[in-house]
>>> print(open('input.txt').read())   # compact mmCIF, C-alpha atoms
# COMPACT_ATOMS: atom_id res chain seq x y z
CA MET H 1443 45.41 -22.24 -67.84
CA SER H 1444 42.55 -20.04 -66.61
CA VAL H 1445 42.69 -17.78 -63.56
CA THR H 1446 39.55 -17.55 -61.38
CA ARG H 1447 38.83 -14.02 -60.29
CA ALA H 1448 37.03 -13.18 -57.07
CA ALA H 1449 33.58 -11.78 -57.60
CA ALA H 1450 33.51 -8.02 -57.23
CA PRO H 1451 31.19 -6.59 -54.56
CA PRO H 1452 27.95 -5.04 -55.79
CA ALA H 1453 27.98 -1.39 -56.68
CA GLY H 1454 27.50 0.90 -53.68
CA LYS H 1455 28.57 -1.76 -51.17
CA HIS H 1456 32.00 -2.13 -49.66
CA PRO H 1457 33.37 -5.21 -48.00
CA ALA H 1458 33.55 -5.12 -44.21
CA ARG H 1459 36.92 -4.01 -42.98
CA PRO H 1460 38.79 -6.25 -40.63
CA GLY H 1461 38.12 -5.30 -37.02
CA THR H 1462 34.82 -3.51 -37.73
CA PRO H 1463 32.22 -4.66 -35.12
CA PRO H 1464 29.00 -6.17 -36.45
CA VAL H 1465 25.69 -4.30 -36.25
CA THR H 1466 24.45 -6.55 -33.46
CA THR H 1467 27.49 -5.71 -31.35
CA ARG H 1468 26.89 -1.99 -31.73
CA ARG H 1469 23.25 -2.46 -30.78
CA SER H 1470 24.24 -4.45 -27.72
CA ARG H 1471 26.57 -1.67 -26.65
CA ARG H 1472 23.84 0.93 -27.06
CA ARG H 1473 21.47 -1.21 -25.00
CA ALA H 1474 24.13 -1.63 -22.34
CA TRP H 1475 24.70 2.13 -22.16
CA SER H 1476 20.95 2.84 -22.02
CA THR H 1477 20.52 0.23 -19.27
CA ALA H 1478 23.39 1.71 -17.31
CA GLY H 1479 21.92 5.20 -17.72
CA PHE H 1480 18.54 4.00 -16.51
CA HIS H 1481 20.02 2.37 -13.42
CA LEU H 1482 22.12 5.43 -12.63
CA GLY H 1483 19.07 7.69 -12.95
CA ALA H 1484 16.91 5.37 -10.86
CA GLY H 1485 19.66 5.13 -8.25
CA ALA H 1486 19.95 8.91 -8.08
CA LEU H 1487 16.19 9.30 -7.65
CA SER H 1488 16.16 6.59 -4.97
CA LEU H 1489 18.98 8.32 -3.13
CA LEU H 1490 17.11 11.63 -3.34
CA TRP H 1491 14.03 9.92 -1.89
CA LEU H 1492 16.02 8.24 0.90
CA VAL H 1493 17.80 11.40 2.08
CA PRO H 1494 14.83 12.74 4.16
CA ILE H 1495 14.32 9.30 5.70
CA LEU H 1496 17.99 9.06 6.66
CA LEU H 1497 17.80 12.59 8.09
CA VAL H 1498 14.86 11.59 10.30
CA LEU H 1499 16.63 8.43 11.46
CA VAL H 1500 19.81 10.33 12.32
CA THR H 1501 17.88 13.09 14.06
CA SER H 1502 15.97 10.59 16.19
CA THR H 1503 19.25 9.23 17.61
CA ARG H 1504 20.79 12.63 18.44
CA SER H 1505 20.50 14.46 21.72
CA PHE H 1506 18.70 17.75 22.10
CA ASP H 1507 21.91 19.54 23.08
CA ASP H 1508 23.64 18.23 19.96
CA ILE H 1509 20.86 19.49 17.69
CA ALA H 1510 20.72 22.85 19.46
CA ALA H 1511 24.47 23.33 19.16
CA ASN H 1512 25.05 22.04 15.62
CA GLY H 1513 21.65 22.39 13.96
CA LEU H 1514 19.48 19.82 12.23
CA GLY H 1515 21.68 19.71 9.15
CA GLY H 1516 24.95 19.42 11.06
CA LEU H 1517 26.95 16.27 11.52
CA PRO H 1518 25.85 14.23 14.56
CA HIS H 1519 28.09 14.40 17.62
CA SER H 1520 26.02 12.14 19.86
CA PHE H 1521 24.05 8.92 19.84
CA THR H 1522 21.16 8.27 22.20
CA LEU H 1523 17.83 6.49 22.18
CA SER H 1524 16.29 8.66 24.87
CA GLY H 1525 14.10 10.39 22.28
CA PHE H 1526 12.31 7.10 21.62
CA GLY H 1527 11.64 6.66 25.32
CA GLN H 1528 10.21 10.17 25.63
CA ALA H 1529 8.04 9.74 22.55
CA TRP H 1530 6.86 6.28 23.64
CA VAL H 1531 6.02 7.06 27.26
CA ASP H 1532 5.71 10.81 27.78
CA GLY H 1533 4.46 11.54 24.27
CA GLY H 1534 1.89 8.72 24.33
CA GLN H 1535 3.11 7.04 21.16
CA GLY H 1536 2.89 3.60 22.74
CA ARG H 1537 -0.79 4.05 23.56
CA ALA H 1538 -1.45 5.61 20.15
CA LEU H 1539 0.27 2.72 18.37
CA ALA H 1540 -1.92 0.26 20.26
CA ASN H 1541 -5.01 2.27 19.20
CA SER H 1542 -3.91 2.14 15.57
CA LEU H 1543 -3.50 -1.62 15.70
CA LEU H 1544 -6.85 -2.02 17.48
CA VAL H 1545 -8.46 -0.16 14.59
CA THR H 1546 -6.42 -1.46 11.66
CA VAL H 1547 -6.41 -5.20 12.26
CA PRO H 1548 -10.19 -5.65 12.85
CA THR H 1549 -10.96 -3.26 10.01
CA VAL H 1550 -8.84 -5.20 7.52
CA LEU H 1551 -10.33 -8.55 8.55
CA LEU H 1552 -13.93 -7.33 8.60
CA SER H 1553 -13.63 -5.36 5.35
CA LEU H 1554 -12.12 -8.24 3.39
CA ALA H 1555 -14.61 -10.73 4.84
CA LEU H 1556 -17.60 -8.61 3.78
CA ALA H 1557 -16.02 -7.71 0.44
CA SER H 1558 -15.23 -11.33 -0.42
CA LEU H 1559 -18.81 -12.40 0.32
CA ALA H 1560 -20.26 -9.60 -1.79
CA ALA H 1561 -17.78 -10.15 -4.61
CA PHE H 1562 -18.52 -13.89 -4.63
CA ALA H 1563 -22.25 -13.28 -4.97
CA LEU H 1564 -21.86 -10.62 -7.66
CA ALA H 1565 -19.24 -12.51 -9.67
CA ARG H 1566 -20.47 -16.10 -9.53
CA TYR H 1567 -24.27 -15.76 -9.57
CA ASP H 1568 -26.67 -14.05 -11.95
CA LEU H 1569 -28.21 -11.64 -9.45
CA PRO H 1570 -30.64 -8.91 -10.55
CA LEU H 1571 -29.10 -5.45 -10.81
CA ARG H 1572 -25.67 -6.81 -9.97
CA ARG H 1573 -23.97 -4.42 -12.38
CA THR H 1574 -25.83 -1.50 -10.82
CA LEU H 1575 -24.80 -2.59 -7.34
CA LEU H 1576 -21.19 -2.88 -8.42
CA LEU H 1577 -21.23 0.58 -9.99
CA LEU H 1578 -22.79 2.05 -6.85
CA MET H 1579 -20.05 0.55 -4.72
CA LEU H 1580 -17.40 1.87 -7.06
CA GLY H 1581 -19.08 5.28 -7.31
CA GLY H 1582 -18.93 5.70 -3.55
CA ASN H 1583 -15.14 5.63 -3.74
CA LEU H 1584 -15.12 8.41 -6.32
CA LEU H 1585 -16.61 10.95 -3.91
CA PRO H 1586 -14.08 13.26 -2.26
CA PRO H 1587 -13.98 12.33 1.43
CA GLN H 1588 -13.83 15.99 2.45
CA ILE H 1589 -17.48 16.57 1.50
CA LEU H 1590 -18.54 13.74 3.82
CA LEU H 1591 -16.78 14.87 6.99
CA ILE H 1592 -19.75 16.64 8.54
CA PRO H 1593 -22.34 13.94 7.62
CA VAL H 1594 -20.10 11.20 9.02
CA SER H 1595 -19.53 13.16 12.21
CA LYS H 1596 -23.28 13.80 12.67
CA ILE H 1597 -24.20 10.17 11.96
CA SER H 1598 -21.66 8.89 14.50
CA GLU H 1599 -23.05 11.30 17.09
CA SER H 1600 -26.65 10.23 16.42
CA LEU H 1601 -25.68 6.56 16.78
CA GLY H 1602 -23.87 7.21 20.05
CA LEU H 1603 -20.52 6.08 18.64
CA TYR H 1604 -18.77 9.44 18.45
CA ASP H 1605 -15.33 9.57 20.08
CA SER H 1606 -14.92 5.79 20.11
CA LEU H 1607 -12.74 3.37 18.18
CA TYR H 1608 -15.90 1.59 17.01
CA ALA H 1609 -16.87 4.70 15.06
CA LEU H 1610 -13.48 4.80 13.36
CA ILE H 1611 -13.67 1.09 12.51
CA GLY H 1612 -17.15 1.54 11.06
CA VAL H 1613 -16.07 4.49 8.91
CA GLN H 1614 -13.02 2.67 7.59
CA VAL H 1615 -15.05 -0.44 6.77
CA GLY H 1616 -17.78 1.57 5.08
CA PHE H 1617 -15.42 3.50 2.85
CA GLY H 1618 -13.18 0.56 2.01
CA VAL H 1619 -15.59 -2.27 1.20
CA GLY H 1620 -16.67 -0.80 -2.14
CA PHE H 1621 -13.16 -0.75 -3.56
CA TYR H 1622 -12.34 -4.21 -2.22
CA VAL H 1623 -15.52 -5.62 -3.77
CA PHE H 1624 -14.61 -4.09 -7.12
CA VAL H 1625 -11.13 -5.64 -7.10
CA LEU H 1626 -12.22 -9.06 -5.82
CA HIS H 1627 -15.12 -9.14 -8.27
CA GLY H 1628 -12.74 -8.89 -11.21
CA PHE H 1629 -10.51 -11.60 -9.78
CA MET H 1630 -13.30 -14.04 -8.90
CA ARG H 1631 -15.04 -13.54 -12.20
CA ALA H 1632 -11.90 -14.71 -14.01
CA ILE H 1633 -12.02 -18.08 -12.24
CA PRO H 1634 -13.22 -20.71 -14.77
CA PRO H 1635 -16.93 -21.52 -14.25
CA GLU H 1636 -16.26 -25.23 -14.84
CA ILE H 1637 -14.70 -25.44 -11.38
CA GLN H 1638 -17.88 -24.21 -9.71
CA GLN H 1639 -20.08 -26.38 -11.94
CA ALA H 1640 -18.11 -29.47 -10.97
CA ALA H 1641 -18.55 -28.60 -7.30
CA VAL H 1642 -22.31 -28.16 -7.79
CA ILE H 1643 -22.54 -31.57 -9.45
CA ASP H 1644 -20.73 -33.06 -6.46
CA GLY H 1645 -23.38 -31.55 -4.18
CA ALA H 1646 -21.46 -28.60 -2.75
CA SER H 1647 -23.53 -25.78 -1.27
CA PRO H 1648 -22.83 -22.10 -2.07
CA TRP H 1649 -21.11 -21.69 1.29
CA GLN H 1650 -18.86 -24.69 0.60
CA ILE H 1651 -18.03 -23.36 -2.87
CA TYR H 1652 -17.13 -20.01 -1.36
CA ARG H 1653 -15.04 -21.39 1.51
CA ARG H 1654 -13.34 -24.38 -0.09
CA ILE H 1655 -12.95 -23.36 -3.74
CA ILE H 1656 -13.23 -19.62 -4.37
CA MET H 1657 -11.41 -18.36 -1.29
CA PRO H 1658 -8.30 -20.55 -1.75
CA LEU H 1659 -8.11 -19.49 -5.41
CA ALA H 1660 -8.50 -15.83 -4.42
CA THR H 1661 -5.69 -15.96 -1.87
CA PRO H 1662 -3.26 -13.84 -3.98
CA ALA H 1663 -5.85 -11.08 -4.34
CA LEU H 1664 -6.72 -11.20 -0.63
CA ALA H 1665 -3.05 -11.07 0.37
CA ALA H 1666 -2.44 -8.06 -1.87
CA LEU H 1667 -5.50 -6.23 -0.56
CA SER H 1668 -4.56 -7.06 3.04
CA ALA H 1669 -1.15 -5.47 2.64
CA LEU H 1670 -2.50 -2.42 0.84
CA SER H 1671 -5.47 -1.88 3.14
CA PHE H 1672 -3.30 -2.20 6.25
CA THR H 1673 -1.10 0.61 4.96
CA TRP H 1674 -4.03 2.82 3.98
CA ILE H 1675 -5.92 2.40 7.24
CA PHE H 1676 -2.90 2.62 9.54
CA ASN H 1677 -1.71 5.85 7.89
CA ASP H 1678 -5.13 7.50 7.82
CA LEU H 1679 -5.44 10.84 9.55
CA LEU H 1680 -8.58 12.46 8.16
CA TRP H 1681 -11.21 10.12 9.59
CA ALA H 1682 -9.41 9.81 12.92
CA ILE H 1683 -9.63 13.53 13.65
CA THR H 1684 -13.21 13.57 12.35
CA VAL H 1685 -14.82 10.98 14.67
CA LEU H 1686 -12.39 11.09 17.62
CA ARG H 1687 -11.87 13.83 20.18
CA THR H 1688 -10.08 12.38 23.21
CA ASP H 1689 -6.29 12.36 22.98
CA SER H 1690 -6.01 8.95 24.63
CA LYS H 1691 -8.06 7.38 21.81
CA MET H 1692 -6.17 8.91 18.91
CA PRO H 1693 -4.22 6.61 16.55
CA VAL H 1694 -0.54 7.11 15.99
CA THR H 1695 -0.83 9.43 12.97
CA ALA H 1696 -3.10 11.85 14.81
CA SER H 1697 -0.96 11.54 17.92
CA LEU H 1698 2.01 12.91 15.98
CA ILE H 1699 0.22 16.27 15.76
CA GLY H 1700 -0.05 16.43 19.55
CA LEU H 1701 3.54 15.26 19.89
CA GLN H 1702 4.74 18.12 17.72
CA GLY H 1703 2.81 20.60 19.84
CA GLN H 1704 4.12 19.09 23.06
CA TYR H 1705 7.77 18.93 21.99
CA VAL H 1706 7.77 21.88 19.60
CA SER H 1707 11.53 22.43 19.67
CA MET H 1708 12.75 18.93 20.59
CA TRP H 1709 13.24 17.61 17.08
CA ASN H 1710 14.84 14.37 18.27
CA VAL H 1711 11.64 13.38 20.10
CA ILE H 1712 9.46 14.36 17.13
CA ALA H 1713 11.69 12.39 14.75
CA ALA H 1714 11.60 9.39 17.10
CA GLY H 1715 7.81 9.53 17.14
CA SER H 1716 7.77 9.61 13.34
CA VAL H 1717 9.98 6.52 13.21
CA ILE H 1718 7.67 4.71 15.65
CA ALA H 1719 4.64 5.63 13.53
CA ALA H 1720 6.29 4.43 10.32
CA ALA H 1721 7.75 1.18 11.67
CA PRO H 1722 4.61 -1.05 11.39
CA THR H 1723 3.91 -0.12 7.78
CA VAL H 1724 7.56 -0.63 6.85
CA ILE H 1725 7.48 -4.09 8.45
CA VAL H 1726 4.29 -4.98 6.58
CA PHE H 1727 5.75 -3.71 3.32
CA LEU H 1728 8.95 -5.73 3.71
CA ARG H 1729 6.99 -8.82 4.67
CA PHE H 1730 4.43 -8.54 1.84
CA GLN H 1731 6.50 -6.72 -0.76
CA ARG H 1732 5.59 -9.06 -3.61
CA HIS H 1733 1.92 -8.73 -2.67
CA PHE H 1734 2.22 -4.94 -2.92
CA VAL H 1735 3.48 -5.31 -6.49
CA ALA H 1736 0.70 -7.77 -7.25
CA GLY H 1737 -1.83 -5.37 -5.77
CA LEU H 1738 -0.74 -2.58 -8.07
CA ASN H 1739 -1.33 -4.82 -11.10
CA LEU H 1740 -4.30 -6.71 -9.71
CA GLY H 1741 -7.00 -5.11 -11.81
CA ALA H 1742 -4.95 -4.67 -14.95
CA VAL H 1743 -5.06 -8.23 -16.28
CA LYS H 1744 -8.32 -9.51 -14.84
>>> encode(input="input.txt", output="C-alpha cells")
Amino acid sequence: MSVTRAAAPPAGKHPARPGTPPVTTRRSRRRAWSTAGFHLGAGALSLLWLVPILLVLVTSTRSFDDIAANGLGGLPHSFTLSGFGQAWVDGGQGRALANSLLVTVPTVLLSLALASLAAFALARYDLPLRRTLLLLMLGGNLLPPQILLIPVSKISESLGLYDSLYALIGVQVGFGVGFYVFVLHGFMRAIPPEIQQAAVIDGASPWQIYRRIIMPLATPALAALSALSFTWIFNDLLWAITVLRTDSKMPVTASLIGLQGQYVSMWNVIAAGSVIAAAPTVIVFLRFQRHFVAGLNLGAVK
C-alpha cells in the first residue's frame, strides 16, 4: 500500500497562514484610509473657508450695542435684522443692487448673443483670416485691464457716455465677448459637419442653421457661460469705479465702499450690506451649480 504525500511548497515560499488577509483586502483597507484622509482634509479646508462667511452672517444679525460690548469675535447676545434695513434703505444697497442687475442682465444677454454669432461664423464657415481674428479676440483678454483704465475713461467721455450705466454695459461687453467667442468657437467646431450639410441639402439658410441647429446643440456651453459671466460682471468693481462717478449709479460692489465709509464703526450694517451684495451670485451658483462645473471644463475636451 502506497502513501500519497502532499506536494511541498516551492523553495522560498511559505503557505498562507490561516487568518492572514489577502493582498486585495489590504489594498482595499489602504484605499479606504486614504479616502477617509482625503475627505477629512477636504472637510477641514471647507470649514476653514466657511468660518469667515459664518462670521459675516452672525455679525449681520447682531446689534451694534452687542458688538460694542462683546467685540466682533465674541459670542452673540442679540438677534436683529435692523442692520439689513439700514444697509438697504439708508446705505443705498437696494438702489445699488438694482443698478447691478440693470448692468449684469443686459450685458450677459448681449455678450452671449454677439459671441454666439461670431463663433458660429468662425467655426462653421471658411472665412478669410478667421484664425487671425480669433487670436486677436483672445489676445485682447490677455492684456492687464489696469493699463486700459485711462483710455477707457477718455473714450467714454468723448462718446458722451461717461457716468452712465450704458458706458459700463459697453465696457463689460467689449471685454467679455472675446473670451466667450473663444470658448463657443471650440464647442461649435466640435459639432459634426454632417448635421450642417444635411440642413443645407434641405434648403436651410445660415440663419436657420444657427437658430434651429447650432444654438440648441450649444445650450450647455451657453448655460455655463451665462452662469460664469453673471458672476464675473456682477462682482466687478474696477470698471464700475472707472466709468461711473455718481453714487446713485454705482453697482452694489462699488456701493460697499461708500457703505463702509458711511458706517465706519457699525460692523453689523457693513456685514449686512456684504450679505446683500453676495446673495444674487450665491443664488445663481446654487441654481446653475452643474453649469459652473461644466464651465470650468468646457475648453478642456473640445
>>> closest_residue(input="input.txt", among="H:Phe1480, H:Trp1475, H:Phe1526, H:Tyr1652", to="H:Val1711", atoms="all atoms listed in the file")
H:Phe1526
>>> residues_around(input="input.txt", residues="stretch 1536-1549 of chain H", least_positions_apart="6", cutoff="9 Å", atoms="all atoms listed in the file", output="PyMOL selection string")
chain H and resi 1529-1530+1607-1608+1610-1612+1614-1615+1671-1673+1675-1677+1689-1697+1718-1719
>>> closest_atom_pairs(input="input.txt", of="stretch 1656-1737 of chain H", to="stretch 1496-1500 of chain H", cutoff="12 Å", atoms="all atoms listed in the file", output="JSON lines")
{"residue": "H:Trp1709", "atom": "CA", "partner": "H:Val1498", "partner_atom": "CA", "distance": 9.2}
{"residue": "H:Asn1710", "atom": "CA", "partner": "H:Val1498", "partner_atom": "CA", "distance": 8.4}
{"residue": "H:Val1711", "atom": "CA", "partner": "H:Val1498", "partner_atom": "CA", "distance": 10.5}
{"residue": "H:Ile1712", "atom": "CA", "partner": "H:Val1498", "partner_atom": "CA", "distance": 9.1}
{"residue": "H:Ala1713", "atom": "CA", "partner": "H:Val1498", "partner_atom": "CA", "distance": 5.5}
{"residue": "H:Ala1714", "atom": "CA", "partner": "H:Leu1499", "partner_atom": "CA", "distance": 7.6}
{"residue": "H:Gly1715", "atom": "CA", "partner": "H:Val1498", "partner_atom": "CA", "distance": 10.0}
{"residue": "H:Ser1716", "atom": "CA", "partner": "H:Val1498", "partner_atom": "CA", "distance": 8.0}
{"residue": "H:Val1717", "atom": "CA", "partner": "H:Leu1499", "partner_atom": "CA", "distance": 7.1}
{"residue": "H:Ile1718", "atom": "CA", "partner": "H:Leu1499", "partner_atom": "CA", "distance": 10.6}
{"residue": "H:Ala1720", "atom": "CA", "partner": "H:Leu1499", "partner_atom": "CA", "distance": 11.1}
{"residue": "H:Ala1721", "atom": "CA", "partner": "H:Leu1499", "partner_atom": "CA", "distance": 11.5}
>>> write_last_selection(input="input.txt", atoms="C-alpha atoms", output="PDB file, in the frame of the given file")
ATOM      1  CA  TRP H1709      13.240  17.610  17.080  1.00  0.00           C
ATOM      2  CA  ASN H1710      14.840  14.370  18.270  1.00  0.00           C
ATOM      3  CA  VAL H1711      11.640  13.380  20.100  1.00  0.00           C
ATOM      4  CA  ILE H1712       9.460  14.360  17.130  1.00  0.00           C
ATOM      5  CA  ALA H1713      11.690  12.390  14.750  1.00  0.00           C
ATOM      6  CA  ALA H1714      11.600   9.390  17.100  1.00  0.00           C
ATOM      7  CA  GLY H1715       7.810   9.530  17.140  1.00  0.00           C
ATOM      8  CA  SER H1716       7.770   9.610  13.340  1.00  0.00           C
ATOM      9  CA  VAL H1717       9.980   6.520  13.210  1.00  0.00           C
ATOM     10  CA  ILE H1718       7.670   4.710  15.650  1.00  0.00           C
ATOM     11  CA  ALA H1720       6.290   4.430  10.320  1.00  0.00           C
ATOM     12  CA  ALA H1721       7.750   1.180  11.670  1.00  0.00           C
TER      13      ALA H1721
END
>>> closest_residue(input="input.txt", among="H:Leu1554, H:Leu1679, H:Ala1646, H:Pro1634", to="H:Leu1667", atoms="all atoms listed in the file")
H:Leu1554
>>> atom_distance(input="input.txt", atom1="atom CA of H:Leu1698", atom2="atom CA of H:Gly1533")
8.8 Å
>>> residues_around(input="input.txt", residues="H:Leu1575", least_positions_apart="3", cutoff="12 Å", atoms="only C-alpha atoms", output="number ranges by chain")
H: 1560-1561, 1563-1565, 1569-1572, 1578-1582, 1620, 1623-1624, 1627
>>> atom_distance(input="input.txt", atom1="atom CA of H:Thr1501", atom2="atom CA of H:Leu1514")
7.2 Å
>>> atom_distance(input="input.txt", atom1="atom CA of H:Ser1595", atom2="atom CA of H:Gly1616")
13.7 Å
>>> closest_residue(input="input.txt", among="H:Ser1606, H:Thr1574, H:Gln1638, H:Asn1583", to="H:Phe1562", atoms="all atoms listed in the file")
H:Gln1638
>>> residues_near_point(input="input.txt", point="(-18.4, 15.6, 9.4)", cutoff="12 Å", atoms="all atoms listed in the file", output="VMD selection string")
chain H and resid 1587 to 1599 1604 1613 1680 to 1686
>>> closest_residue(input="input.txt", among="H:His1481, H:Arg1654, H:Arg1631, H:Arg1732", to="H:Leu1670", atoms="all atoms listed in the file")
H:Arg1732
>>> closest_residue(input="input.txt", among="H:Ser1600, H:Arg1566, H:Asp1508, H:Arg1729", to="H:Ile1655", atoms="all atoms listed in the file")
H:Arg1566
>>> build_atoms(input="input.txt", residues="stretch 1474-1488 of chain H", atoms="N, CA and C atoms", output="PDB file, keeping the file's coordinate frame")
ATOM      1  N   ALA H1474      23.413  -1.611 -23.614  1.00  0.00           N
ATOM      2  CA  ALA H1474      24.130  -1.630 -22.340  1.00  0.00           C
ATOM      3  C   ALA H1474      24.267  -0.227 -21.762  1.00  0.00           C
ATOM      4  N   TRP H1475      24.583   0.767 -22.634  1.00  0.00           N
ATOM      5  CA  TRP H1475      24.700   2.130 -22.160  1.00  0.00           C
ATOM      6  C   TRP H1475      23.345   2.682 -21.690  1.00  0.00           C
ATOM      7  N   SER H1476      22.278   2.367 -22.433  1.00  0.00           N
ATOM      8  CA  SER H1476      20.950   2.840 -22.020  1.00  0.00           C
ATOM      9  C   SER H1476      20.526   2.204 -20.712  1.00  0.00           C
ATOM     10  N   THR H1477      20.844   0.899 -20.538  1.00  0.00           N
ATOM     11  CA  THR H1477      20.520   0.230 -19.270  1.00  0.00           C
ATOM     12  C   THR H1477      21.292   0.834 -18.115  1.00  0.00           C
ATOM     13  N   ALA H1478      22.580   1.102 -18.359  1.00  0.00           N
ATOM     14  CA  ALA H1478      23.390   1.710 -17.310  1.00  0.00           C
ATOM     15  C   ALA H1478      22.876   3.112 -16.964  1.00  0.00           C
ATOM     16  N   GLY H1479      22.482   3.883 -17.987  1.00  0.00           N
ATOM     17  CA  GLY H1479      21.920   5.200 -17.720  1.00  0.00           C
ATOM     18  C   GLY H1479      20.635   5.140 -16.923  1.00  0.00           C
ATOM     19  N   PHE H1480      19.799   4.147 -17.252  1.00  0.00           N
ATOM     20  CA  PHE H1480      18.540   4.000 -16.510  1.00  0.00           C
ATOM     21  C   PHE H1480      18.810   3.673 -15.050  1.00  0.00           C
ATOM     22  N   HIS H1481      19.733   2.751 -14.806  1.00  0.00           N
ATOM     23  CA  HIS H1481      20.020   2.370 -13.420  1.00  0.00           C
ATOM     24  C   HIS H1481      20.669   3.518 -12.655  1.00  0.00           C
ATOM     25  N   LEU H1482      21.522   4.285 -13.312  1.00  0.00           N
ATOM     26  CA  LEU H1482      22.120   5.430 -12.630  1.00  0.00           C
ATOM     27  C   LEU H1482      21.059   6.476 -12.288  1.00  0.00           C
ATOM     28  N   GLY H1483      20.146   6.736 -13.233  1.00  0.00           N
ATOM     29  CA  GLY H1483      19.070   7.690 -12.950  1.00  0.00           C
ATOM     30  C   GLY H1483      18.143   7.204 -11.851  1.00  0.00           C
ATOM     31  N   ALA H1484      17.772   5.914 -11.905  1.00  0.00           N
ATOM     32  CA  ALA H1484      16.910   5.370 -10.860  1.00  0.00           C
ATOM     33  C   ALA H1484      17.607   5.379  -9.508  1.00  0.00           C
ATOM     34  N   GLY H1485      18.919   5.085  -9.511  1.00  0.00           N
ATOM     35  CA  GLY H1485      19.660   5.130  -8.250  1.00  0.00           C
ATOM     36  C   GLY H1485      19.735   6.529  -7.673  1.00  0.00           C
ATOM     37  N   ALA H1486      19.905   7.524  -8.553  1.00  0.00           N
ATOM     38  CA  ALA H1486      19.950   8.910  -8.080  1.00  0.00           C
ATOM     39  C   ALA H1486      18.603   9.345  -7.504  1.00  0.00           C
ATOM     40  N   LEU H1487      17.515   8.960  -8.173  1.00  0.00           N
ATOM     41  CA  LEU H1487      16.190   9.300  -7.650  1.00  0.00           C
ATOM     42  C   LEU H1487      15.920   8.583  -6.325  1.00  0.00           C
ATOM     43  N   SER H1488      16.338   7.328  -6.221  1.00  0.00           N
ATOM     44  CA  SER H1488      16.160   6.590  -4.970  1.00  0.00           C
ATOM     45  C   SER H1488      16.948   7.234  -3.841  1.00  0.00           C
TER      46      SER H1488
END
